[in-house]
Amino acid sequence: MTKMGEGQGTSSTGSAPPGQLSRQRLLHLYRVMATIRRFEEVACQLLVDGKIPATLHASIGQEAVAAGVCEALEPADLIVTNHRGHGHCIAKGVDLKAMMAELMGKASGTNRGRGGSMHIADPAQGILGANGIVGGGIPIAVGAAYACRARESGQIVVCFFGDGAANEGGCHEAMNLASLWELPILFVCENNQYAEMTPQRVHTRVKDLSVRAGAYDMPGASVDGNDVVAVYAAVEAAVRRARAGGGPMLIECKTFRVRGHFEGDPQRYKTAEEVARWKEKDPLTLLKTSLTGPGGIPAGELEAIQQEIESAVREAVAFAEAAPLPSPDEVLTHVYAGA
Amino acid sequence: MTKMGEGQGTSSTGSAPPGQLSRQRLLHLYRVMATIRRFEEVACQLLVDGKIPATLHASIGQEAVAAGVCEALEPADLIVTNHRGHGHCIAKGVDLKAMMAELMGKASGTNRGRGGSMHIADPAQGILGANGIVGGGIPIAVGAAYACRARESGQIVVCFFGDGAANEGGCHEAMNLASLWELPILFVCENNQYAEMTPQRVHTRVKDLSVRAGAYDMPGASVDGNDVVAVYAAVEAAVRRARAGGGPMLIECKTFRVRGHFEGDPQRYKTAEEVARWKEKDPLTLLKTSLTGPGGIPAGELEAIQQEIESAVREAVAFAEAAPLPSPDEVLTHVYAGA
Amino acid sequence: MRELKYWQAVNEALFEEMARDDRVCLAGEDVAEPGGPFGASRGLLDKFGPWRVKDTPISEAAIAGLAVGAALAGMRPVVEIMFLDFMCLAMDQVVNQAAKACYMSGGRLQLPITIRTLCGAGRNNGPQHSQSLEAWLCHVPGLKVVWPSTPADAKGLLKSAVRDENPVVVIDSLSLWTSKSPVPEGEFTIPIGKAEVKRPGSDATVVAVGSMVPRALAAAQRLAAEGIQVEVLDLRTLSPLDREAILASVAKTHRLVIAHDAVKPFGFGAEIAAMIAEEALEELDARVKRVAAPYAPVPFSPPLEGAYYPQASQIEAAVKMLLGA
Amino acid sequence: MRELKYWQAVNEALFEEMARDDRVCLAGEDVAEPGGPFGASRGLLDKFGPWRVKDTPISEAAIAGLAVGAALAGMRPVVEIMFLDFMCLAMDQVVNQAAKACYMSGGRLQLPITIRTLCGAGRNNGPQHSQSLEAWLCHVPGLKVVWPSTPADAKGLLKSAVRDENPVVVIDSLSLWTSKSPVPEGEFTIPIGKAEVKRPGSDATVVAVGSMVPRALAAAQRLAAEGIQVEVLDLRTLSPLDREAILASVAKTHRLVIAHDAVKPFGFGAEIAAMIAEEALEELDARVKRVAAPYAPVPFSPPLEGAYYPQASQIEAAVKMLLGA
Ligand SMILES: Cc1ncc(C[n+]2csc(CCOP(=O)(O)OP(=O)(O)O)c2C)c(N)n1
Ligand SMILES: Cc1ncc(C[n+]2csc(CCOP(=O)(O)OP(=O)(O)O)c2C)c(N)n1
Ligand SMILES: [Mg+2]
Ligand SMILES: [Mg+2]
C-alpha cells in the first residue's frame, strides 16, 4: 500500500494491511482490469463507428481502482457509481453483454435501453446505479448504507465518485450523515486529476481530498490508485472496519483519466509531460510487469487471459448488435413501478 | 481571547491579538449588546401581545457574537445573516425603528413589510439580508466577497450562520469556493448548541465545527462566543488578514440559545443543568462585571446607557406602532426591480 | 366516529404503517427525539426505536437521497422536507433521482418512497415558508403528488402513499394542522389518483385541493343560499390527475372554476383548464376561471398576505361571474 | 449580413456586454480556461482577465449563490448552469433567493443576474441531460425566462438579459447549437417579453419556443403546400408571457396549437391554453391542441427518444385535426 497522504487530524487505518495477495487473486485482478480496458477500448470504437449513440465517459487508466475496490467486497455488497462507471460495474460483476447492449440503447440492455452508459444499474449484482448527475449518487449510497445498518444485513456500500464531485453540496451532507450514524459505507474518491477540462488545482485548494474526512471525524487516506494492490489493501482494511461497525471511511485513489472527459474531447488542456508521466504508471502495465517479473508467471498465461477477454468482449458486442431496439410504443413503460 | 479549539490541520491566526480594548470601546460594545437584548425582549413581548405576526427567532444570550464581530468591521463592510439575525443587524447599524416596523409588517419597515423578521435587509448599512432558508446566505456571502475582490473595493464580508446550517451542502460549496479564490470573507458559525430542537451531537459528529476549515485548507478557530473581547480579537485578526489578501477564515463562536428556537417553543429538550451552566456565562453580565469590577466604572454609568437604550427601543416601538400598514393593493409592487 | 386533529391523523397513519411493515422507517429534521417540528411523529421513536426513526442534520438533499438509497436497499422510507419551499434544496434527489430511477433502469429499480412536506401558506410565514410549488412536482413523471384536505383524508392518503411502490409526495397544509373531524380507526386507505366530490352541485364546478377545499365549500354554502348549486371537487391527488372526475363534473355543470393558493401563471389550474380546452371545450357554457394568487412572492405583512391568497368570497364571485349572476 | 453559428452569437453577445460594462462578469463550470463546455465563452478569459471570467468547482448551488451575492455587491453576473437538469441543484438560490430578494426587501435589493443554461433535448443525452423544465421557472415570480430559436435571437435576447435589472434565465437548445444564420453586428437587442411572428398565417396559430420553432416552421411550410396558412408565433420570452401577441394571433386564426418538448402535463402549453380558455374562449373555433412529450422521463435509446419528442409531422397533424382537414 503506497500511502500518498492521509486525512489530516483523522485517525486512519494505516496499520499494515494484509497486502499480500495470492497469485490467483492477482491474476483475477488482472483479468478484471484487462476486461475493463478492452471493453472500453471496443466501446470507444463502436462510438466512432456510430453504433453507440451520444457519448461515453471512458475510465481507461483507472482500472486499478474499480478492480482493487471490488476485490475487497462480497457479492451481496452494494455499489453506487457515477457517469464514469463502466469499470466499477464490470468489477462488481455486471453482465458484459447486457451492459454493451445498454450502451447501444437495446431492449436487452441492463436498463432496457432507457438509461445508456451513464445509468447502468444491475441490482442483482448489487449495482444500485450509475448517475448522470455529478455527486448525485453520494446521498443515495448513504441511504443504502443506512438500510444495511438498520436492517442489519451485514452488507457494505461503496460509493464511487470523482474529484470534481467532491465539491458538490450533497457530498458534504452525505458524509456528515454517514459518519454521524456510523454507517457501513466507503467513500471512494477517484481523483483522476480532472473534472471535465478543469484540473484539480482549479477546483479545490486541498491537495489530498482525503483530508476532508476530518471534517466529519471519519478516517481518510489517499492511496496510489494505479497500484491495484495498494487500493485493495486500503479498501480491505476499511471494509473490515466498517463491517465490524466501525463506520465509514474516505479513501482517495490518485489516478489519471487517460482519455478525454468524453469520447471526442480534444484534450487541449493536458500537457505532454503529464501524459507521459502517467503513461509510465499505467495500472495494467504495472500489474503485468509485477506478475511476469522474476519468479512470476510466464507471459503466455496472461496472453491466454487476454484471449478469453477478447472473445468475451466480442461476444458482448455480437450480442448487443444482434439485440432488438426497444419498440417506440413502449416509451411510457416503466415510468411507474409495475407499469 | 479564549481559544476553545482550533481547526485541526489548519494554520490559525492564533497569534496573540491586540485584545486590549479601550474602555470607550468596551462601553460601546456594552451598548450594542444591551440594545440587542432589550430590543429582542421587547419584541418577544410584542409577539405575545399579538402586535408582531407569525413568530420570532430571538438571539438572546448570543449578543457577544454580533457585537464582537461587527466591532471589527468598517461601515462599508458587508454582512449576510440568517433567521436569527436581529442582533447582527443591530450591531451593523440597522435603524431600530425601521427594523421594529418590519417585524410588525409595516410599510415603513426595512423591507416595506414584505419580509418580516427573517428577511431584514438594509443595503445602506451593508446588511445584504437575513434569510429564512438555513444556510441559504452562505453562497450569497461568498458571491458578495467575490465582487469585493473582483472590484477591489477593499470591503470584507462576514457571513453569520448557525451550527445547524453548517450541514447544508451550500455551506460546503461556498467554503470551497471562498478558500480556492482567497476571497475576503469570514465565516462566523454561531454555535448555540441547537438546531431547532436538535442538539449539536445529534446533527454533527465533530465537536469543534472550526475543524471543517481544514477541508478547504483555510484557517479555523473556535472561540468563546459569550466573551465579547475574545470574539472581537479573533475577528479583528481575521479581518486584517482577509483585508490584506490572506483569504477567508472560519470562526466558530460557542454560545447558547437562551430562549426557544422560536418564541413559544416549550423547550422540553433542554436540561436544567445546561440552562444553569450557561446562565453563569451570560455575555452581558460577564461584560458588566468586568466593566464595573475593581478599577472599573461606576455602575451608574451603565445605568445611564441602559436608560438611553430603553428610550431608543421605546421610540422604535412607538414608531412601528404608529407606522402605516402596506396597502393591500400594493401586493404586486417590487416583484421586479423598479416595478 | 371519534374525531382527530389533522396532525393526529398523520401521526396515527405513521404509527399504523410502521407497525404493519417493518421496512417502513422515518427520517427528517427533528422527527425523532422532538417528535416532529409540528408533532406529527410523536411517540414513534419510543415505539419503533432509533434505527427506524431518525433525526437528521439540516441537509435536505441528503434526506431525500437517504430515501432513494434506503428504498433501493429494501426499505420503504418516509422522509420529511419540513416546508415545501425547502424542496428546492432536494430537487435533484427528488426529480433527477427518485422520480427517474425506475424508468431509467428499465423498471429494475423501484422506489417506494413517501416524502412528507408542509405548505405554510396563510400563516404570515413570509416568502420562504409559504410557497405552493405543487405544480412543479406534478410536471415530473415518476412522482405522485397528493394533498389532503381533512384529517380523514390525511390518514387515508398517507397510508396509501406508504404502500405505493413509487415516490409519492404528500403535501399537508399548515393551516389545516389543528382542524378536527372524524377519522376512521385502524385500516383505512384512500386511493391515490381519485378525486372526491366533497359537495355535489349542478350549476358550476369548483376544483380545489388541500386548504382551498374548506374555502371552496364555504363559497358553495353561501351560493346555495342564493340558489346556486356548486359542485366542489376535491382532487385529493394532483398527480396523476383524476381527469375522468374533472371531465364528468364539467360535463354536468358546464362551468369551471379552479382555485389554488399558488400563483396563477403556470399553476396546476392551468393544466386543468388546458385539459378542458383540449378535451371538452364544447362542454363549457362560459369561460374557465382561475382563482389563484397574484404573480408575486408571498408577502409577510398581514394585509398583503390577506390580499394575496384567494378567499371564499373570490370563489363566490368567480362562480357568479360565470353564471352571469 | 454575416452568418454566425448559434454558439458564436452567444459568444459575441458575451464579448460585447463585457466590453460595454465592466460590472459584467462570467462564472461557471469550465467557462474560463476551457472556453466553455461547448465553446460559448471562448476568448473571454484572455480578453477580460481572471477576475471577470471564472472557472468554478462543480457546485451549482454556489454558482447561483455567487450570482446573487455578486449582484448584491454591485456586479452584473452571468453564470452558467451547464444543463437545465442541473438547475435542480441550484433551485434554492434561484427560486428562494434570486427571484425573491427584490420583493422581500421591498425593492431595496436588486439582482441584475443572467443565468445561462442548456436544454439537451433531442441528442440522446438521456434522462438527466435532456429535461425541459422551463415551466417551473415560469411559475416563479421574480424571474424572467427567455429561450431563443435562432442565432440572432440568441444574441439579442442574451444582451437584453444582461442589461435587465432582474434575474433572467436564458435557455439555449443544444440541438440549435451549430445552426447558422445571419446575426446583426454590434449593438442589437431584442426586448424581453415580446413574442415574434416568425411566419404569418390565418388558419391556425402554432405557439412554440426555442428548438421547437424550426419544427413548427417546417410543419407550416408543408401545410402551406396544401393551402393551409399557419401562423408560427415564437414566444422568445416564456416569462413574462406576451399575452397580447398570443391573444391577437388566436383572434385572427381562431385555432391554437402549442408545441413543446416538455412533457405535456403541467407544461407551459397548459398556461397558454388556460389563458385562452379564461380570456378568449369565444375566439376558438376548435379545441386547443397541445403537441408535447408524453408523461415519461426522457429515454436514451434512439427509437424511444425519437418517439418521445414531438416532430413537425405531429404539429402538422394537429393543425389538420383542428381544421377538420
Ligand atoms: C450536477 C452536474 N454538474 C455538472 C455536470 C457535467 N459534468 C459531467 S462529468 C463532470 C466532471 C466530473 O468530474 P469528476 O467528478 O472528477 O469525475 P470524472 O469525470 O473525472 O470521472 C461534469 C462537470 C453533471 N453531469 N452534473
Ligand atoms: C433549508 C431549511 N431547512 C430547515 C429549516 C427549518 N429551520 C429553521 S431554523 C432551523 C435550525 C437552524 O439551526 P442553526 O443553523 O443552528 O441556527 P439557530 O436557529 O440555532 O440560530 C431549522 C431546521 C429552514 N428554515 N430552512
Ligand atoms: Mg475527475
Ligand atoms: Mg444553532
# chains A, B, ... in the order shown; residues from 1 in each chain; ligands from 1

$ closest_atom_pairs --of "chain A" --to "ligand 1" --cutoff "8 Å" --atoms "only C-alpha atoms and all ligand atoms" --output "CSV"
residue,atom,partner,partner_atom_place_in_ligand_line,distance
A:His57,CA,ligand 1,19 (O),7.1
A:Ser59,CA,ligand 1,21 (O),7.2
A:Asn82,CA,ligand 1,21 (O),7.6
A:His83,CA,ligand 1,9 (S),6.6
A:Arg84,CA,ligand 1,21 (O),5.3
A:Gly132,CA,ligand 1,25 (N),5.1
A:Ile133,CA,ligand 1,26 (N),3.8
A:Val134,CA,ligand 1,26 (N),3.9
A:Gly135,CA,ligand 1,1 (C),6.6
A:Gly136,CA,ligand 1,1 (C),7.1
A:Phe161,CA,ligand 1,15 (O),5.8
A:Gly162,CA,ligand 1,15 (O),3.3
A:Asp163,CA,ligand 1,16 (O),3.9
A:Gly164,CA,ligand 1,15 (O),3.5
A:Ala165,CA,ligand 1,15 (O),3.9
A:Ala166,CA,ligand 1,15 (O),6.8
A:Glu168,CA,ligand 1,1 (C),7.6
A:Glu190,CA,ligand 1,21 (O),7.1
A:Asn191,CA,ligand 1,16 (O),6.3
A:Asn192,CA,ligand 1,20 (O),5.5
A:Gln193,CA,ligand 1,20 (O),7.0
A:Tyr194,CA,ligand 1,20 (O),5.0
A:Ala195,CA,ligand 1,13 (O),3.4
A:Glu196,CA,ligand 1,11 (C),4.3
A:Met197,CA,ligand 1,11 (C),7.9
A:Arg257,CA,ligand 1,20 (O),6.8
A:His261,CA,ligand 1,19 (O),5.9

$ residues_around --residues "Ala208 (chain D)" --least-positions-apart "4" --cutoff "12 Å" --atoms "only C-alpha atoms" --output "count of residues only"
40

$ interface_residues --of "chain C" --to "chain D" --cutoff "8 Å" --atoms "only C-alpha atoms" --output "VMD selection string"
chain C and resid 85 to 86 88 to 92 95 to 96 100 103 to 104 127 to 128 135 to 136 138 to 142 263 265 to 275 277 to 281 286 to 290 295 to 297 299

$ residues_around --residues "Ile138 (chain B)" --least-positions-apart "5" --cutoff "9 Å" --atoms "only C-alpha atoms" --output "list in words"
Val80, Thr81, Gly143, Cys159, Phe160, Phe161, Ala165, Gly170, Cys171, Ala174, Met175 and Phe187 of chain B; Ala62 and Gly65 of chain D

$ write_last_selection --atoms "N, CA and C atoms" --output "PDB file, in the first residue's frame"
ATOM      1  N   VAL B  80     -24.015  39.168   5.841  1.00  0.00           N
ATOM      2  CA  VAL B  80     -25.143  38.347   5.393  1.00  0.00           C
ATOM      3  C   VAL B  80     -25.542  37.554   6.627  1.00  0.00           C
ATOM      4  N   THR B  81     -26.822  37.535   6.945  1.00  0.00           N
ATOM      5  CA  THR B  81     -27.198  36.860   8.185  1.00  0.00           C
ATOM      6  C   THR B  81     -28.322  35.856   7.954  1.00  0.00           C
ATOM      7  N   GLY B 143     -20.554  35.122  -2.846  1.00  0.00           N
ATOM      8  CA  GLY B 143     -20.735  35.907  -4.069  1.00  0.00           C
ATOM      9  C   GLY B 143     -20.408  37.373  -3.842  1.00  0.00           C
ATOM     10  N   CYS B 159     -20.175  36.394   7.065  1.00  0.00           N
ATOM     11  CA  CYS B 159     -21.347  35.540   6.888  1.00  0.00           C
ATOM     12  C   CYS B 159     -21.663  34.876   8.227  1.00  0.00           C
ATOM     13  N   PHE B 160     -22.811  35.212   8.796  1.00  0.00           N
ATOM     14  CA  PHE B 160     -23.258  34.591  10.044  1.00  0.00           C
ATOM     15  C   PHE B 160     -24.136  33.377   9.724  1.00  0.00           C
ATOM     16  N   PHE B 161     -23.882  32.291  10.395  1.00  0.00           N
ATOM     17  CA  PHE B 161     -24.767  31.130  10.237  1.00  0.00           C
ATOM     18  C   PHE B 161     -24.654  30.261  11.482  1.00  0.00           C
ATOM     19  N   ALA B 165     -26.768  25.049  10.247  1.00  0.00           N
ATOM     20  CA  ALA B 165     -26.558  25.440   8.853  1.00  0.00           C
ATOM     21  C   ALA B 165     -25.266  24.863   8.288  1.00  0.00           C
ATOM     22  N   GLY B 170     -24.770  23.731   0.637  1.00  0.00           N
ATOM     23  CA  GLY B 170     -24.329  25.033   0.140  1.00  0.00           C
ATOM     24  C   GLY B 170     -23.180  25.599   0.952  1.00  0.00           C
ATOM     25  N   CYS B 171     -23.130  25.251   2.218  1.00  0.00           N
ATOM     26  CA  CYS B 171     -22.052  25.716   3.093  1.00  0.00           C
ATOM     27  C   CYS B 171     -20.717  25.170   2.586  1.00  0.00           C
ATOM     28  N   ALA B 174     -19.751  26.692  -0.819  1.00  0.00           N
ATOM     29  CA  ALA B 174     -19.353  28.090  -0.686  1.00  0.00           C
ATOM     30  C   ALA B 174     -17.974  28.215  -0.049  1.00  0.00           C
ATOM     31  N   MET B 175     -17.705  27.402   0.973  1.00  0.00           N
ATOM     32  CA  MET B 175     -16.393  27.491   1.632  1.00  0.00           C
ATOM     33  C   MET B 175     -15.282  27.034   0.698  1.00  0.00           C
ATOM     34  N   PHE B 187     -16.302  33.442   7.775  1.00  0.00           N
ATOM     35  CA  PHE B 187     -17.458  32.602   8.073  1.00  0.00           C
ATOM     36  C   PHE B 187     -17.585  32.545   9.593  1.00  0.00           C
TER      37      PHE B 187
ATOM     38  N   ALA D  62     -23.567  26.926  -5.253  1.00  0.00           N
ATOM     39  CA  ALA D  62     -22.627  28.022  -5.037  1.00  0.00           C
ATOM     40  C   ALA D  62     -22.528  28.922  -6.265  1.00  0.00           C
ATOM     41  N   GLY D  65     -25.547  31.057  -6.073  1.00  0.00           N
ATOM     42  CA  GLY D  65     -25.379  31.969  -4.937  1.00  0.00           C
ATOM     43  C   GLY D  65     -24.337  33.035  -5.224  1.00  0.00           C
TER      44      GLY D  65
END

$ residues_around --residues "Leu291 (chain A)" --least-positions-apart "6" --cutoff "12 Å" --atoms "only C-alpha atoms" --output "mmCIF file with N, CA, C and O atoms, in the first residue's frame"
data_model
loop_
_atom_site.group_PDB
_atom_site.id
_atom_site.type_symbol
_atom_site.label_atom_id
_atom_site.label_comp_id
_atom_site.auth_asym_id
_atom_site.auth_seq_id
_atom_site.Cartn_x
_atom_site.Cartn_y
_atom_site.Cartn_z
ATOM 1 N N LEU A 21 -1.391 -10.648 -1.682
ATOM 2 C CA LEU A 21 -2.467 -11.332 -2.389
ATOM 3 C C LEU A 21 -1.890 -12.561 -3.071
ATOM 4 O O LEU A 21 -0.773 -12.523 -3.604
ATOM 5 N N SER A 22 -2.650 -13.619 -3.075
ATOM 6 C CA SER A 22 -2.210 -14.826 -3.764
ATOM 7 C C SER A 22 -2.067 -14.533 -5.254
ATOM 8 O O SER A 22 -2.712 -13.623 -5.786
ATOM 9 N N ARG A 23 -1.258 -15.327 -5.908
ATOM 10 C CA ARG A 23 -1.089 -15.133 -7.344
ATOM 11 C C ARG A 23 -2.426 -15.295 -8.068
ATOM 12 O O ARG A 23 -2.737 -14.588 -9.015
ATOM 13 N N GLN A 24 -3.205 -16.230 -7.572
ATOM 14 C CA GLN A 24 -4.521 -16.471 -8.147
ATOM 15 C C GLN A 24 -5.371 -15.193 -8.138
ATOM 16 O O GLN A 24 -5.997 -14.825 -9.130
ATOM 17 N N ARG A 25 -5.331 -14.525 -6.983
ATOM 18 C CA ARG A 25 -6.143 -13.310 -6.879
ATOM 19 C C ARG A 25 -5.562 -12.193 -7.727
ATOM 20 O O ARG A 25 -6.286 -11.395 -8.297
ATOM 21 N N LEU A 26 -4.244 -12.181 -7.803
ATOM 22 C CA LEU A 26 -3.634 -11.157 -8.663
ATOM 23 C C LEU A 26 -4.026 -11.390 -10.114
ATOM 24 O O LEU A 26 -4.314 -10.447 -10.865
ATOM 25 N N LEU A 27 -4.060 -12.655 -10.486
ATOM 26 C CA LEU A 27 -4.468 -12.965 -11.858
ATOM 27 C C LEU A 27 -5.926 -12.582 -12.078
ATOM 28 O O LEU A 27 -6.297 -12.071 -13.143
ATOM 29 N N HIS A 28 -6.707 -12.808 -11.059
ATOM 30 C CA HIS A 28 -8.110 -12.386 -11.160
ATOM 31 C C HIS A 28 -8.202 -10.866 -11.337
ATOM 32 O O HIS A 28 -8.962 -10.359 -12.176
ATOM 33 N N LEU A 29 -7.417 -10.155 -10.566
ATOM 34 C CA LEU A 29 -7.411 -8.693 -10.685
ATOM 35 C C LEU A 29 -6.971 -8.275 -12.084
ATOM 36 O O LEU A 29 -7.535 -7.350 -12.680
ATOM 37 N N TYR A 30 -5.985 -8.984 -12.585
ATOM 38 C CA TYR A 30 -5.524 -8.678 -13.945
ATOM 39 C C TYR A 30 -6.660 -8.881 -14.936
ATOM 40 O O TYR A 30 -6.909 -8.049 -15.815
ATOM 41 N N VAL A 229 -2.870 -3.352 -5.856
ATOM 42 C CA VAL A 229 -2.684 -3.982 -4.554
ATOM 43 C C VAL A 229 -2.842 -2.956 -3.433
ATOM 44 O O VAL A 229 -3.444 -3.237 -2.396
ATOM 45 N N LEU A 284 -2.349 -1.291 -15.652
ATOM 46 C CA LEU A 284 -2.342 -2.625 -16.239
ATOM 47 C C LEU A 284 -0.911 -3.066 -16.525
ATOM 48 O O LEU A 284 -0.518 -4.201 -16.232
ATOM 49 N N THR A 285 -0.130 -2.147 -17.061
ATOM 50 C CA THR A 285 1.275 -2.458 -17.325
ATOM 51 C C THR A 285 2.007 -2.760 -16.014
ATOM 52 O O THR A 285 2.794 -3.706 -15.942
ATOM 53 N N ILE A 297 4.864 -15.442 -13.341
ATOM 54 C CA ILE A 297 4.276 -16.385 -14.271
ATOM 55 C C ILE A 297 4.795 -16.146 -15.681
ATOM 56 O O ILE A 297 5.280 -15.061 -15.993
ATOM 57 N N PRO A 298 4.676 -17.138 -16.527
ATOM 58 C CA PRO A 298 5.063 -16.943 -17.929
ATOM 59 C C PRO A 298 4.082 -15.979 -18.604
ATOM 60 O O PRO A 298 2.881 -16.005 -18.312
ATOM 61 N N ALA A 299 4.640 -15.127 -19.475
ATOM 62 C CA ALA A 299 3.806 -14.144 -20.155
ATOM 63 C C ALA A 299 2.651 -14.801 -20.899
ATOM 64 O O ALA A 299 1.578 -14.221 -21.051
ATOM 65 N N GLY A 300 2.866 -16.024 -21.320
ATOM 66 C CA GLY A 300 1.833 -16.736 -22.059
ATOM 67 C C GLY A 300 0.536 -16.880 -21.281
ATOM 68 O O GLY A 300 -0.556 -16.863 -21.867
ATOM 69 N N GLU A 301 0.654 -16.991 -19.974
ATOM 70 C CA GLU A 301 -0.550 -17.134 -19.166
ATOM 71 C C GLU A 301 -1.445 -15.896 -19.289
ATOM 72 O O GLU A 301 -2.672 -15.995 -19.368
ATOM 73 N N LEU A 302 -0.790 -14.737 -19.291
ATOM 74 C CA LEU A 302 -1.565 -13.504 -19.436
ATOM 75 C C LEU A 302 -2.161 -13.416 -20.836
ATOM 76 O O LEU A 302 -3.278 -12.940 -21.023
#

$ select_by_dssp --residues "region 168-301 of chain B" --states "helix (DSSP H, G or I)" --output "ChimeraX atom specification"
/B:169-180,200-203,209-216,228-243,272-279,283-292,299-301

$ write_last_selection --atoms "C-alpha atoms" --output "short mmCIF file (atom, residue, chain, number, x, y, z; two decimals), in the first residue's frame"
data_model
loop_
_atom_site.label_atom_id
_atom_site.label_comp_id
_atom_site.auth_asym_id
_atom_site.auth_seq_id
_atom_site.Cartn_x
_atom_site.Cartn_y
_atom_site.Cartn_z
CA GLY B 169 -24.50 21.40 1.15
CA GLY B 170 -24.33 25.03 0.14
CA CYS B 171 -22.05 25.72 3.09
CA HIS B 172 -19.51 23.24 1.75
CA GLU B 173 -19.70 24.51 -1.80
CA ALA B 174 -19.35 28.09 -0.69
CA MET B 175 -16.39 27.49 1.63
CA ASN B 176 -14.54 25.53 -1.00
CA LEU B 177 -15.02 28.37 -3.45
CA ALA B 178 -14.06 31.09 -0.99
CA SER B 179 -10.85 29.38 0.01
CA LEU B 180 -9.97 28.44 -3.56
CA GLN B 200 -25.31 19.53 18.16
CA ARG B 201 -24.22 15.97 18.94
CA VAL B 202 -27.30 14.66 17.14
CA HIS B 203 -26.54 16.58 13.96
CA LEU B 209 -17.10 23.00 13.84
CA SER B 210 -13.98 25.01 13.08
CA VAL B 211 -12.19 21.79 12.12
CA ARG B 212 -14.16 21.94 8.91
CA ALA B 213 -11.92 24.77 7.79
CA GLY B 214 -9.25 22.17 7.21
CA ALA B 215 -11.33 20.60 4.47
CA TYR B 216 -10.72 23.74 2.45
CA VAL B 228 -17.16 39.70 23.51
CA VAL B 229 -13.49 40.59 23.76
CA ALA B 230 -12.47 37.13 22.64
CA VAL B 231 -14.84 37.32 19.71
CA TYR B 232 -13.60 40.76 18.77
CA ALA B 233 -9.97 39.75 19.00
CA ALA B 234 -10.38 36.67 16.83
CA VAL B 235 -12.37 38.52 14.23
CA GLU B 236 -10.18 41.56 14.23
CA ALA B 237 -7.15 39.43 13.39
CA ALA B 238 -9.06 37.56 10.70
CA VAL B 239 -10.33 40.81 9.21
CA ARG B 240 -6.83 42.20 9.00
CA ARG B 241 -5.66 39.05 7.33
CA ALA B 242 -8.52 38.99 4.86
CA ARG B 243 -8.20 42.66 4.02
CA ALA B 272 -31.97 22.46 33.84
CA GLU B 273 -28.29 21.81 34.34
CA GLU B 274 -27.24 23.18 30.98
CA VAL B 275 -29.52 26.18 31.32
CA ALA B 276 -27.98 26.98 34.69
CA ARG B 277 -24.45 26.47 33.41
CA TRP B 278 -24.92 28.84 30.52
CA LYS B 279 -26.74 31.36 32.69
CA PRO B 283 -22.40 37.59 27.93
CA LEU B 284 -23.99 40.80 29.08
CA THR B 285 -23.48 40.00 32.76
CA LEU B 286 -19.89 39.00 32.10
CA LEU B 287 -19.13 42.26 30.37
CA LYS B 288 -20.95 44.29 33.01
CA THR B 289 -18.99 42.58 35.77
CA SER B 290 -15.70 43.20 34.09
CA LEU B 291 -16.59 46.83 33.36
CA THR B 292 -17.76 47.63 36.86
CA ALA B 299 -22.40 51.16 37.89
CA GLY B 300 -24.33 54.38 37.33
CA GLU B 301 -22.67 54.87 34.01
#

$ residues_around --residues "region 42-56 of chain B" --least-positions-apart "5" --cutoff "7 Å" --atoms "only C-alpha atoms" --output "PyMOL selection string"
(chain B and resi 103-104+117+262-263) or (chain C and resi 123-125)

$ write_last_selection --atoms "N, CA and C atoms" --output "PDB file, in the first residue's frame"
ATOM      1  N   LEU B 103     -40.767  44.059  11.704  1.00  0.00           N
ATOM      2  CA  LEU B 103     -41.280  42.910  12.474  1.00  0.00           C
ATOM      3  C   LEU B 103     -42.802  42.960  12.546  1.00  0.00           C
ATOM      4  N   MET B 104     -43.328  44.175  12.557  1.00  0.00           N
ATOM      5  CA  MET B 104     -44.791  44.321  12.626  1.00  0.00           C
ATOM      6  C   MET B 104     -45.439  44.309  11.241  1.00  0.00           C
ATOM      7  N   SER B 117     -39.293  39.451  10.138  1.00  0.00           N
ATOM      8  CA  SER B 117     -38.097  39.197  10.950  1.00  0.00           C
ATOM      9  C   SER B 117     -37.005  38.393  10.250  1.00  0.00           C
ATOM     10  N   PHE B 262     -38.076  29.131  18.486  1.00  0.00           N
ATOM     11  CA  PHE B 262     -38.969  30.238  18.122  1.00  0.00           C
ATOM     12  C   PHE B 262     -39.674  30.662  19.396  1.00  0.00           C
ATOM     13  N   GLU B 263     -40.188  31.837  19.387  1.00  0.00           N
ATOM     14  CA  GLU B 263     -40.904  32.280  20.576  1.00  0.00           C
ATOM     15  C   GLU B 263     -42.162  31.434  20.740  1.00  0.00           C
TER      16      GLU B 263
ATOM     17  N   ARG C 123     -50.203  31.809   6.881  1.00  0.00           N
ATOM     18  CA  ARG C 123     -49.915  31.963   8.306  1.00  0.00           C
ATOM     19  C   ARG C 123     -48.842  33.014   8.563  1.00  0.00           C
ATOM     20  N   ASN C 124     -48.741  33.979   7.681  1.00  0.00           N
ATOM     21  CA  ASN C 124     -47.738  35.031   7.819  1.00  0.00           C
ATOM     22  C   ASN C 124     -46.337  34.470   7.964  1.00  0.00           C
ATOM     23  N   ASN C 125     -46.082  33.391   7.281  1.00  0.00           N
ATOM     24  CA  ASN C 125     -44.762  32.779   7.372  1.00  0.00           C
ATOM     25  C   ASN C 125     -43.751  33.403   6.412  1.00  0.00           C
TER      26      ASN C 125
END

$ interface_residues --of "chain B" --to "chain D" --cutoff "7 Å" --atoms "only C-alpha atoms" --output "MDAnalysis selection string"
chainID B and resid 111:112 114:115 119 121 128 139:144 146:147 150 170 173:174 334:337

$ select_by_dssp --residues "region 93-289 of chain A" --states "strand (DSSP E or B)" --output "PyMOL selection string"
chain A and resi 122+127+157-162+185-191+194-195+198-199+220-224+249-254

$ residues_around --residues "Val158 (chain B)" --least-positions-apart "6" --cutoff "6 Å" --atoms "only C-alpha atoms" --output "VMD selection string"
chain B and resid 79 185 to 186

$ residues_around --residues "Ala224 (chain C)" --least-positions-apart "5" --cutoff "12 Å" --atoms "only C-alpha atoms" --output "ChimeraX atom specification"
/C:199-204,217-219,229-231,316,319-320

$ closest_residue --among "A:Pro266, A:Gly295, A:Gly220, A:Gly85" --to "chain B" --atoms "only C-alpha atoms"
A:Gly220

$ decode --residues "region 140-151 of chain D" --atoms "C-alpha atoms" --output "mmCIF file, in the first residue's frame"
data_model
loop_
_atom_site.group_PDB
_atom_site.id
_atom_site.type_symbol
_atom_site.label_atom_id
_atom_site.label_comp_id
_atom_site.auth_asym_id
_atom_site.auth_seq_id
_atom_site.Cartn_x
_atom_site.Cartn_y
_atom_site.Cartn_z
ATOM 1 C CA VAL D 140 -41.697 31.694 -10.096
ATOM 2 C CA PRO D 141 -42.494 35.400 -9.833
ATOM 3 C CA GLY D 142 -39.351 37.497 -9.823
ATOM 4 C CA LEU D 143 -37.656 35.524 -12.591
ATOM 5 C CA LYS D 144 -37.757 36.117 -16.302
ATOM 6 C CA VAL D 145 -37.223 33.291 -18.775
ATOM 7 C CA VAL D 146 -36.151 33.561 -22.405
ATOM 8 C CA TRP D 147 -35.445 30.866 -24.970
ATOM 9 C CA PRO D 148 -34.042 31.928 -28.345
ATOM 10 C CA SER D 149 -34.671 29.988 -31.514
ATOM 11 C CA THR D 150 -32.069 31.485 -33.863
ATOM 12 C CA PRO D 151 -28.504 32.796 -33.598
#
